[in-house]
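Written below as structure tokens is the structure these notes are about.
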Amino acid sequence: MNITDKIKSKIRDVKDFPKPGITFKDITPLLSDPGLCEEIVKHLAGQWKGQKIDAIVGIESRGFLFGMLMAQHMHLPFVPVRKKGKLPADTISYSYALEYGEATIEIHTDSIKEGWKVLIHDDLLATGGTAAAAAELVKNLNGSIAGFSFLVELDFLKGHELLEDYSQALKALVHY
């Protein structure tokens with residue numbers, strides 16, 4: 001079985017979450033299989049082999065899971081992007097629209113060095129709003145976007161189109 005099939009066999013569909021009509025792709029069952037997690041990290045990191053990347057940004061909260069492991073595997077700094085008010089030191093923030101409201105995410109002001117090429121990782125790409133907001137934070141700290149990494153992409157929502165203005169390099173292991 002290839003990596004895509006292994007991942008799909010573990011992802012759980014949760015109907016009507018977080019609201020009626022949505023089928024949530026739950027990656028948490030993957031975490032009970034350490035061998036598969038190790039294989040996922042190798043595949044995620046391997047997609048970027050030979051490319052200049054200075055740090056990996058992981059988006060709260062599920063982007064932390066494999067983002068941190070990728071950073072360790074690739075011997076790179078890991079930078080968390082969190083919801084407003086969750087980081088303890090000096091931050092910058094970026095607010096963006098959601099389907100049903102607005103959200104604000106933050107990054108520490110000292111976490112990205114000027115000129116760094118940053119890979120942004122999250123568990124799932126849907127509409128692309130959160131990943132685009134993370135890219136804006138990186139740009140505001142004078143970093144550039146090396147690419148976007150996702151475990152899962154929901155192709156029908158076309159989130160990749162929003163991210164193409166930041167980088168043409170967008171990779172996901174699983175597509176729905």
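Labels for the structure tokens follow display order: chains A, B, ..., residues from 1 in each chain, ligands from 1.
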Run DSSP on the backbone of this structure and report the residues of region 5-142 of chain A it assigns to strand (DSSP E), as a short mmCIF file (atom, residue, chain, number, x, y, z; two decimals) with all heavy atoms, in the first residue's frame.
```
data_model
loop_
_atom_site.label_atom_id
_atom_site.label_comp_id
_atom_site.auth_asym_id
_atom_site.auth_seq_id
_atom_site.Cartn_x
_atom_site.Cartn_y
_atom_site.Cartn_z
N ARG A 12 -10.29 9.75 9.65
CA ARG A 12 -11.68 9.52 10.04
C ARG A 12 -12.54 10.70 9.57
O ARG A 12 -12.19 11.85 9.80
CB ARG A 12 -11.74 9.39 11.56
CG ARG A 12 -13.11 9.33 12.15
CD ARG A 12 -13.12 9.10 13.66
NE ARG A 12 -12.11 9.85 14.38
CZ ARG A 12 -11.52 9.41 15.49
NH1 ARG A 12 -11.80 8.24 16.00
NH2 ARG A 12 -10.62 10.16 16.11
N ASP A 13 -13.65 10.39 8.93
CA ASP A 13 -14.64 11.41 8.57
C ASP A 13 -15.58 11.62 9.75
O ASP A 13 -16.13 10.65 10.28
CB ASP A 13 -15.46 10.99 7.35
CG ASP A 13 -14.70 11.11 6.05
OD1 ASP A 13 -13.60 11.71 6.04
OD2 ASP A 13 -15.21 10.62 5.03
N VAL A 14 -15.74 12.88 10.17
CA VAL A 14 -16.67 13.22 11.24
C VAL A 14 -17.73 14.13 10.62
O VAL A 14 -17.46 15.27 10.26
CB VAL A 14 -15.96 13.93 12.41
CG1 VAL A 14 -16.96 14.27 13.51
CG2 VAL A 14 -14.83 13.07 12.94
N LYS A 15 -18.91 13.59 10.46
CA LYS A 15 -20.00 14.32 9.82
C LYS A 15 -20.54 15.42 10.73
O LYS A 15 -20.58 15.28 11.95
CB LYS A 15 -21.12 13.36 9.42
CG LYS A 15 -20.65 12.34 8.38
CD LYS A 15 -21.80 11.75 7.62
CE LYS A 15 -21.37 10.71 6.62
NZ LYS A 15 -20.33 11.08 5.70
N THR A 23 -18.11 17.78 6.56
CA THR A 23 -17.51 16.50 6.93
C THR A 23 -16.05 16.77 7.23
O THR A 23 -15.26 17.09 6.34
CB THR A 23 -17.64 15.46 5.81
OG1 THR A 23 -19.04 15.24 5.57
CG2 THR A 23 -16.99 14.15 6.20
N PHE A 24 -15.69 16.69 8.51
CA PHE A 24 -14.36 17.00 9.00
C PHE A 24 -13.43 15.82 8.76
O PHE A 24 -13.77 14.68 9.06
CB PHE A 24 -14.45 17.31 10.50
CG PHE A 24 -13.16 17.76 11.13
CD1 PHE A 24 -12.74 19.07 11.02
CD2 PHE A 24 -12.39 16.87 11.85
CE1 PHE A 24 -11.56 19.48 11.62
CE2 PHE A 24 -11.21 17.27 12.45
CZ PHE A 24 -10.80 18.59 12.33
N LYS A 25 -12.25 16.10 8.19
CA LYS A 25 -11.23 15.07 7.98
C LYS A 25 -10.32 15.06 9.22
O LYS A 25 -9.48 15.93 9.40
CB LYS A 25 -10.40 15.37 6.72
CG LYS A 25 -11.21 15.37 5.44
CD LYS A 25 -11.71 13.98 5.12
CE LYS A 25 -12.39 13.93 3.76
NZ LYS A 25 -13.05 12.67 3.51
N ASP A 26 -10.52 14.07 10.08
CA ASP A 26 -9.82 13.97 11.36
C ASP A 26 -8.54 13.15 11.19
O ASP A 26 -8.59 11.95 10.93
CB ASP A 26 -10.74 13.32 12.38
CG ASP A 26 -10.13 13.19 13.76
OD1 ASP A 26 -9.07 13.81 14.02
OD2 ASP A 26 -10.71 12.47 14.59
N ALA A 55 13.56 27.65 7.66
CA ALA A 55 12.72 27.37 8.84
C ALA A 55 11.38 26.82 8.37
O ALA A 55 10.98 27.02 7.22
CB ALA A 55 12.50 28.64 9.66
N ILE A 56 10.71 26.14 9.29
CA ILE A 56 9.36 25.65 9.04
C ILE A 56 8.41 26.33 10.02
O ILE A 56 8.65 26.32 11.23
CB ILE A 56 9.27 24.12 9.18
CG1 ILE A 56 10.10 23.46 8.09
CG2 ILE A 56 7.80 23.66 9.12
CD1 ILE A 56 10.13 21.96 8.14
N VAL A 57 7.37 26.94 9.47
CA VAL A 57 6.30 27.52 10.27
C VAL A 57 5.18 26.51 10.34
O VAL A 57 4.74 25.99 9.31
CB VAL A 57 5.79 28.84 9.63
CG1 VAL A 57 4.41 29.20 10.16
CG2 VAL A 57 6.76 29.97 9.89
N GLY A 58 4.73 26.20 11.55
CA GLY A 58 3.58 25.33 11.75
C GLY A 58 2.40 26.13 12.26
O GLY A 58 2.56 26.98 13.14
N ILE A 59 1.24 25.86 11.70
CA ILE A 59 0.03 26.62 12.06
C ILE A 59 -0.75 25.85 13.13
O ILE A 59 -1.00 24.65 12.99
CB ILE A 59 -0.85 26.86 10.81
CG1 ILE A 59 -0.05 27.67 9.77
CG2 ILE A 59 -2.14 27.57 11.20
CD1 ILE A 59 -0.75 27.82 8.44
N PHE A 78 11.86 25.42 14.07
CA PHE A 78 10.40 25.35 13.98
C PHE A 78 9.83 26.62 14.58
O PHE A 78 10.23 27.04 15.68
CB PHE A 78 9.86 24.14 14.73
CG PHE A 78 8.36 24.08 14.71
CD1 PHE A 78 7.68 23.64 13.59
CD2 PHE A 78 7.62 24.48 15.82
CE1 PHE A 78 6.28 23.60 13.56
CE2 PHE A 78 6.23 24.43 15.80
CZ PHE A 78 5.57 24.00 14.67
N VAL A 79 8.89 27.24 13.87
CA VAL A 79 8.28 28.49 14.31
C VAL A 79 6.77 28.29 14.41
O VAL A 79 6.11 28.03 13.40
CB VAL A 79 8.59 29.64 13.32
CG1 VAL A 79 7.91 30.92 13.77
CG2 VAL A 79 10.09 29.83 13.17
N PRO A 80 6.20 28.41 15.63
CA PRO A 80 4.75 28.28 15.75
C PRO A 80 4.01 29.57 15.40
O PRO A 80 4.45 30.66 15.76
CB PRO A 80 4.55 27.94 17.23
CG PRO A 80 5.73 28.55 17.92
CD PRO A 80 6.87 28.53 16.93
N VAL A 81 2.92 29.42 14.68
CA VAL A 81 1.95 30.50 14.45
C VAL A 81 0.72 30.10 15.24
O VAL A 81 0.19 29.01 15.05
CB VAL A 81 1.65 30.67 12.95
CG1 VAL A 81 0.41 31.53 12.75
CG2 VAL A 81 2.84 31.28 12.23
N ARG A 82 0.28 31.00 16.13
CA ARG A 82 -0.81 30.67 17.04
C ARG A 82 -1.94 31.67 16.97
O ARG A 82 -1.80 32.75 16.42
CB ARG A 82 -0.28 30.63 18.48
CG ARG A 82 0.82 29.58 18.65
CD ARG A 82 0.92 29.03 20.02
NE ARG A 82 -0.31 28.38 20.43
CZ ARG A 82 -0.57 28.08 21.71
NH1 ARG A 82 0.28 28.38 22.66
NH2 ARG A 82 -1.69 27.47 22.02
N LYS A 83 -3.05 31.26 17.56
CA LYS A 83 -4.20 32.16 17.69
C LYS A 83 -3.80 33.33 18.59
O LYS A 83 -2.93 33.21 19.46
CB LYS A 83 -5.39 31.42 18.29
CG LYS A 83 -5.90 30.34 17.36
CD LYS A 83 -6.98 29.50 18.02
CE LYS A 83 -7.36 28.36 17.08
NZ LYS A 83 -8.08 27.31 17.77
N THR A 91 4.82 40.02 19.63
CA THR A 91 4.25 39.39 18.44
C THR A 91 3.79 40.43 17.44
O THR A 91 3.61 41.60 17.79
CB THR A 91 3.02 38.52 18.80
OG1 THR A 91 2.00 39.36 19.35
CG2 THR A 91 3.36 37.40 19.76
N ILE A 92 3.59 39.96 16.21
CA ILE A 92 2.81 40.70 15.24
C ILE A 92 1.61 39.82 14.92
O ILE A 92 1.67 38.59 15.07
CB ILE A 92 3.59 41.07 13.96
CG1 ILE A 92 4.12 39.83 13.24
CG2 ILE A 92 4.71 42.05 14.28
CD1 ILE A 92 4.64 40.11 11.84
N SER A 93 0.53 40.44 14.48
CA SER A 93 -0.68 39.68 14.21
C SER A 93 -1.20 39.97 12.82
O SER A 93 -0.84 40.98 12.21
CB SER A 93 -1.75 39.96 15.26
OG SER A 93 -2.12 41.31 15.22
N TYR A 94 -2.06 39.08 12.36
CA TYR A 94 -2.71 39.26 11.06
C TYR A 94 -4.14 38.74 11.20
O TYR A 94 -4.35 37.60 11.63
CB TYR A 94 -1.96 38.50 9.96
CG TYR A 94 -2.46 38.83 8.58
CD1 TYR A 94 -1.98 39.95 7.90
CD2 TYR A 94 -3.43 38.06 7.97
CE1 TYR A 94 -2.45 40.28 6.64
CE2 TYR A 94 -3.91 38.38 6.71
CZ TYR A 94 -3.42 39.49 6.05
OH TYR A 94 -3.89 39.82 4.81
N SER A 95 -5.10 39.56 10.84
CA SER A 95 -6.52 39.18 10.89
C SER A 95 -7.00 38.87 9.48
O SER A 95 -6.59 39.54 8.52
CB SER A 95 -7.36 40.29 11.50
OG SER A 95 -6.98 40.51 12.84
N TYR A 96 -7.88 37.89 9.37
CA TYR A 96 -8.38 37.48 8.06
C TYR A 96 -9.81 36.97 8.20
O TYR A 96 -10.25 36.60 9.30
CB TYR A 96 -7.47 36.41 7.44
CG TYR A 96 -7.33 35.15 8.26
CD1 TYR A 96 -8.02 34.00 7.92
CD2 TYR A 96 -6.51 35.12 9.38
CE1 TYR A 96 -7.90 32.85 8.67
CE2 TYR A 96 -6.38 33.98 10.13
CZ TYR A 96 -7.08 32.83 9.78
OH TYR A 96 -6.97 31.69 10.53
N ALA A 97 -10.50 36.95 7.09
CA ALA A 97 -11.91 36.55 7.08
C ALA A 97 -12.04 35.04 6.99
O ALA A 97 -11.26 34.37 6.30
CB ALA A 97 -12.63 37.18 5.90
N LEU A 98 -13.00 34.53 7.71
CA LEU A 98 -13.41 33.13 7.62
C LEU A 98 -14.80 33.09 7.00
O LEU A 98 -15.45 34.12 6.86
CB LEU A 98 -13.48 32.51 9.03
CG LEU A 98 -12.18 32.41 9.81
CD1 LEU A 98 -12.47 32.01 11.25
CD2 LEU A 98 -11.26 31.39 9.17
N GLY A 101 -16.96 34.46 9.96
CA GLY A 101 -16.43 35.43 10.91
C GLY A 101 -15.02 35.85 10.56
O GLY A 101 -14.65 35.92 9.39
N GLU A 102 -14.24 36.14 11.59
CA GLU A 102 -12.87 36.59 11.42
C GLU A 102 -11.98 35.88 12.42
O GLU A 102 -12.44 35.50 13.50
CB GLU A 102 -12.79 38.11 11.64
CG GLU A 102 -11.47 38.72 11.28
CD GLU A 102 -11.48 40.24 11.36
OE1 GLU A 102 -11.91 40.87 10.39
OE2 GLU A 102 -11.03 40.76 12.41
N ALA A 103 -10.71 35.72 12.07
CA ALA A 103 -9.73 35.13 12.98
C ALA A 103 -8.46 35.97 12.94
O ALA A 103 -8.22 36.70 11.98
CB ALA A 103 -9.42 33.69 12.57
N THR A 104 -7.68 35.86 14.00
CA THR A 104 -6.40 36.55 14.08
C THR A 104 -5.35 35.55 14.54
O THR A 104 -5.58 34.80 15.50
CB THR A 104 -6.46 37.73 15.06
OG1 THR A 104 -7.48 38.63 14.62
CG2 THR A 104 -5.14 38.47 15.14
N ILE A 105 -4.22 35.53 13.82
CA ILE A 105 -3.10 34.67 14.23
C ILE A 105 -1.89 35.55 14.47
O ILE A 105 -1.82 36.70 13.99
CB ILE A 105 -2.79 33.57 13.20
CG1 ILE A 105 -2.50 34.15 11.82
CG2 ILE A 105 -3.92 32.55 13.15
CD1 ILE A 105 -2.05 33.11 10.79
N GLU A 106 -0.92 35.00 15.23
CA GLU A 106 0.26 35.77 15.61
C GLU A 106 1.52 34.93 15.49
O GLU A 106 1.48 33.70 15.50
CB GLU A 106 0.14 36.24 17.07
CG GLU A 106 -0.98 37.21 17.31
CD GLU A 106 -1.08 37.67 18.75
OE1 GLU A 106 -0.79 36.87 19.67
OE2 GLU A 106 -1.44 38.85 18.94
N ILE A 107 2.65 35.65 15.42
CA ILE A 107 3.97 35.05 15.38
C ILE A 107 4.89 35.93 16.22
O ILE A 107 4.70 37.14 16.29
CB ILE A 107 4.46 34.93 13.91
CG1 ILE A 107 5.70 34.06 13.78
CG2 ILE A 107 4.70 36.30 13.30
CD1 ILE A 107 6.06 33.74 12.32
N HIS A 108 5.88 35.31 16.88
CA HIS A 108 6.86 36.11 17.61
C HIS A 108 7.67 36.96 16.64
O HIS A 108 8.07 36.49 15.57
CB HIS A 108 7.81 35.21 18.40
CG HIS A 108 7.24 34.71 19.68
ND1 HIS A 108 7.29 33.39 20.06
CD2 HIS A 108 6.62 35.36 20.70
CE1 HIS A 108 6.72 33.24 21.25
NE2 HIS A 108 6.30 34.43 21.65
N LYS A 117 14.03 31.82 3.89
CA LYS A 117 13.04 31.15 3.05
C LYS A 117 12.30 30.17 3.97
O LYS A 117 12.90 29.28 4.54
CB LYS A 117 13.72 30.42 1.90
CG LYS A 117 14.38 31.38 0.91
CD LYS A 117 14.92 30.62 -0.27
CE LYS A 117 15.60 31.53 -1.25
NZ LYS A 117 14.74 32.51 -1.83
N VAL A 118 11.00 30.37 4.08
CA VAL A 118 10.19 29.67 5.08
C VAL A 118 9.19 28.74 4.41
O VAL A 118 8.48 29.15 3.48
CB VAL A 118 9.47 30.69 5.99
CG1 VAL A 118 8.56 30.00 6.98
CG2 VAL A 118 10.49 31.57 6.70
N LEU A 119 9.13 27.51 4.90
CA LEU A 119 8.12 26.54 4.48
C LEU A 119 6.98 26.60 5.50
O LEU A 119 7.22 26.47 6.70
CB LEU A 119 8.72 25.14 4.43
CG LEU A 119 7.76 24.00 4.07
CD1 LEU A 119 7.21 24.18 2.67
CD2 LEU A 119 8.48 22.67 4.20
N ILE A 120 5.76 26.80 5.02
CA ILE A 120 4.59 26.86 5.90
C ILE A 120 3.88 25.52 5.84
O ILE A 120 3.55 25.02 4.76
CB ILE A 120 3.65 28.00 5.47
CG1 ILE A 120 4.37 29.35 5.65
CG2 ILE A 120 2.34 27.96 6.27
CD1 ILE A 120 3.63 30.55 5.14
N HIS A 121 3.65 24.92 7.03
CA HIS A 121 3.01 23.61 7.10
C HIS A 121 1.72 23.67 7.94
O HIS A 121 1.69 24.29 9.00
CB HIS A 121 3.95 22.57 7.72
CG HIS A 121 3.27 21.25 7.89
ND1 HIS A 121 3.06 20.39 6.84
CD2 HIS A 121 2.70 20.67 8.97
CE1 HIS A 121 2.40 19.32 7.28
NE2 HIS A 121 2.16 19.47 8.56
N ASP A 122 0.71 22.97 7.44
CA ASP A 122 -0.52 22.74 8.21
C ASP A 122 -1.03 21.36 7.85
O ASP A 122 -0.60 20.76 6.87
CB ASP A 122 -1.57 23.82 7.91
CG ASP A 122 -2.58 24.00 9.04
OD1 ASP A 122 -2.50 23.26 10.05
OD2 ASP A 122 -3.43 24.88 8.92
N ASP A 123 -1.95 20.86 8.65
CA ASP A 123 -2.45 19.51 8.40
C ASP A 123 -3.33 19.45 7.17
O ASP A 123 -3.29 18.48 6.42
CB ASP A 123 -3.20 18.96 9.62
CG ASP A 123 -4.52 19.66 9.89
OD1 ASP A 123 -4.57 20.92 9.79
OD2 ASP A 123 -5.51 18.99 10.21
N LEU A 124 -4.12 20.50 6.93
CA LEU A 124 -5.12 20.43 5.88
C LEU A 124 -5.28 21.79 5.19
O LEU A 124 -5.35 22.82 5.85
CB LEU A 124 -6.46 20.01 6.49
CG LEU A 124 -7.60 19.75 5.51
CD1 LEU A 124 -8.32 18.47 5.87
CD2 LEU A 124 -8.56 20.92 5.50
N LEU A 125 -5.34 21.75 3.87
CA LEU A 125 -5.63 22.95 3.08
C LEU A 125 -7.08 22.87 2.63
O LEU A 125 -7.47 21.95 1.91
CB LEU A 125 -4.71 23.03 1.86
CG LEU A 125 -5.02 24.14 0.86
CD1 LEU A 125 -4.96 25.52 1.51
CD2 LEU A 125 -4.09 24.06 -0.34
#
```
Hey, what's within 6 Å of Leu30 (chain A) if we count only C-alpha atoms and toss same-chain stuff fewer than 3 positions away? As a list in words, please?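 Final neighbour list, sorted by chain and number: Lys10, Ile27 and Asp33 of chain A.
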As a ChimeraX atom specification, list the residues of region 23-163 of chain A assigned to helix (DSSP H, G or I) by DSSP on the backbone atoms of this structure. /A:28-32,34-46,62-74,129-140,155-157,159-163
If you keep C-alpha atoms, can you produce a file of those selected residues as a short mmCIF file (atom, residue, chain, number, x, y, z; two decimals), in the first residue's frame?
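So the final result, stored in again_18.cif, reads:
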```cif
data_model
loop_
_atom_site.label_atom_id
_atom_site.label_comp_id
_atom_site.auth_asym_id
_atom_site.auth_seq_id
_atom_site.Cartn_x
_atom_site.Cartn_y
_atom_site.Cartn_z
CA THR A 28 -5.83 12.18 14.92
CA PRO A 29 -6.17 8.41 14.23
CA LEU A 30 -2.83 8.66 12.38
CA LEU A 31 -1.15 9.54 15.67
CA SER A 32 -1.81 6.08 17.09
CA PRO A 34 4.10 5.66 15.17
CA GLY A 35 5.48 3.76 12.18
CA LEU A 36 3.09 5.52 9.82
CA CYS A 37 3.86 8.89 11.44
CA GLU A 38 7.56 8.31 10.81
CA GLU A 39 6.81 7.40 7.20
CA ILE A 40 4.65 10.53 6.80
CA VAL A 41 7.44 12.76 8.11
CA LYS A 42 9.94 11.22 5.68
CA HIS A 43 7.56 11.77 2.76
CA LEU A 44 6.64 15.32 3.78
CA ALA A 45 10.29 16.27 4.25
CA GLY A 46 11.38 14.39 1.13
CA ARG A 62 -2.56 20.38 14.01
CA GLY A 63 0.14 22.01 11.90
CA PHE A 64 2.39 21.65 14.94
CA LEU A 65 2.16 17.85 14.87
CA PHE A 66 4.01 17.08 11.66
CA GLY A 67 5.55 20.54 11.22
CA MET A 68 7.74 20.12 14.29
CA LEU A 69 8.69 16.58 13.28
CA MET A 70 9.58 17.78 9.78
CA ALA A 71 11.73 20.56 11.23
CA GLN A 72 13.61 18.06 13.39
CA HIS A 73 14.01 15.64 10.48
CA MET A 74 15.33 18.45 8.25
CA GLY A 129 -7.16 31.66 4.35
CA THR A 130 -5.14 30.58 7.37
CA ALA A 131 -2.09 29.58 5.31
CA ALA A 132 -2.25 32.91 3.44
CA ALA A 133 -2.42 34.75 6.77
CA ALA A 134 0.66 32.84 7.96
CA ALA A 135 2.42 33.84 4.73
CA GLU A 136 1.57 37.49 5.43
CA LEU A 137 3.13 37.20 8.88
CA VAL A 138 6.33 35.74 7.39
CA LYS A 139 6.45 38.50 4.78
CA ASN A 140 5.91 41.15 7.47
CA ASP A 155 -9.05 20.14 -3.93
CA PHE A 156 -12.69 21.10 -4.50
CA LEU A 157 -12.31 24.17 -2.25
CA GLY A 159 -7.41 26.89 -1.55
CA HIS A 160 -4.25 26.46 -3.61
CA GLU A 161 -5.42 29.31 -5.87
CA LEU A 162 -5.22 31.78 -2.97
CA LEU A 163 -1.71 30.61 -2.08
#
```
Select, from A:Ile3, A:Leu87, A:Ile53, A:Leu76, the residue with the minimum atom-to-atom distance to Gly143 (chain A), counting only C-alpha atoms.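 Checking each of A:Ile3, A:Leu87, A:Ile53, A:Leu76 against Gly143 (chain A), counting only C-alpha atoms, the winner is A:Ile53.
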Record the distance separating CA of Tyr176 (chain A) and CA of Glu153 (chain A), expressed in Å with one decimal. 6.4 Å
Expressed in Å to a single decimal, how great is the separation between CA of Phe148 (chain A) and CA of Ser61 (chain A)? 16.1 Å
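As for CA of Ser149 (chain A) and CA of Leu173 (chain A), they are spaced 8.7 Å apart.
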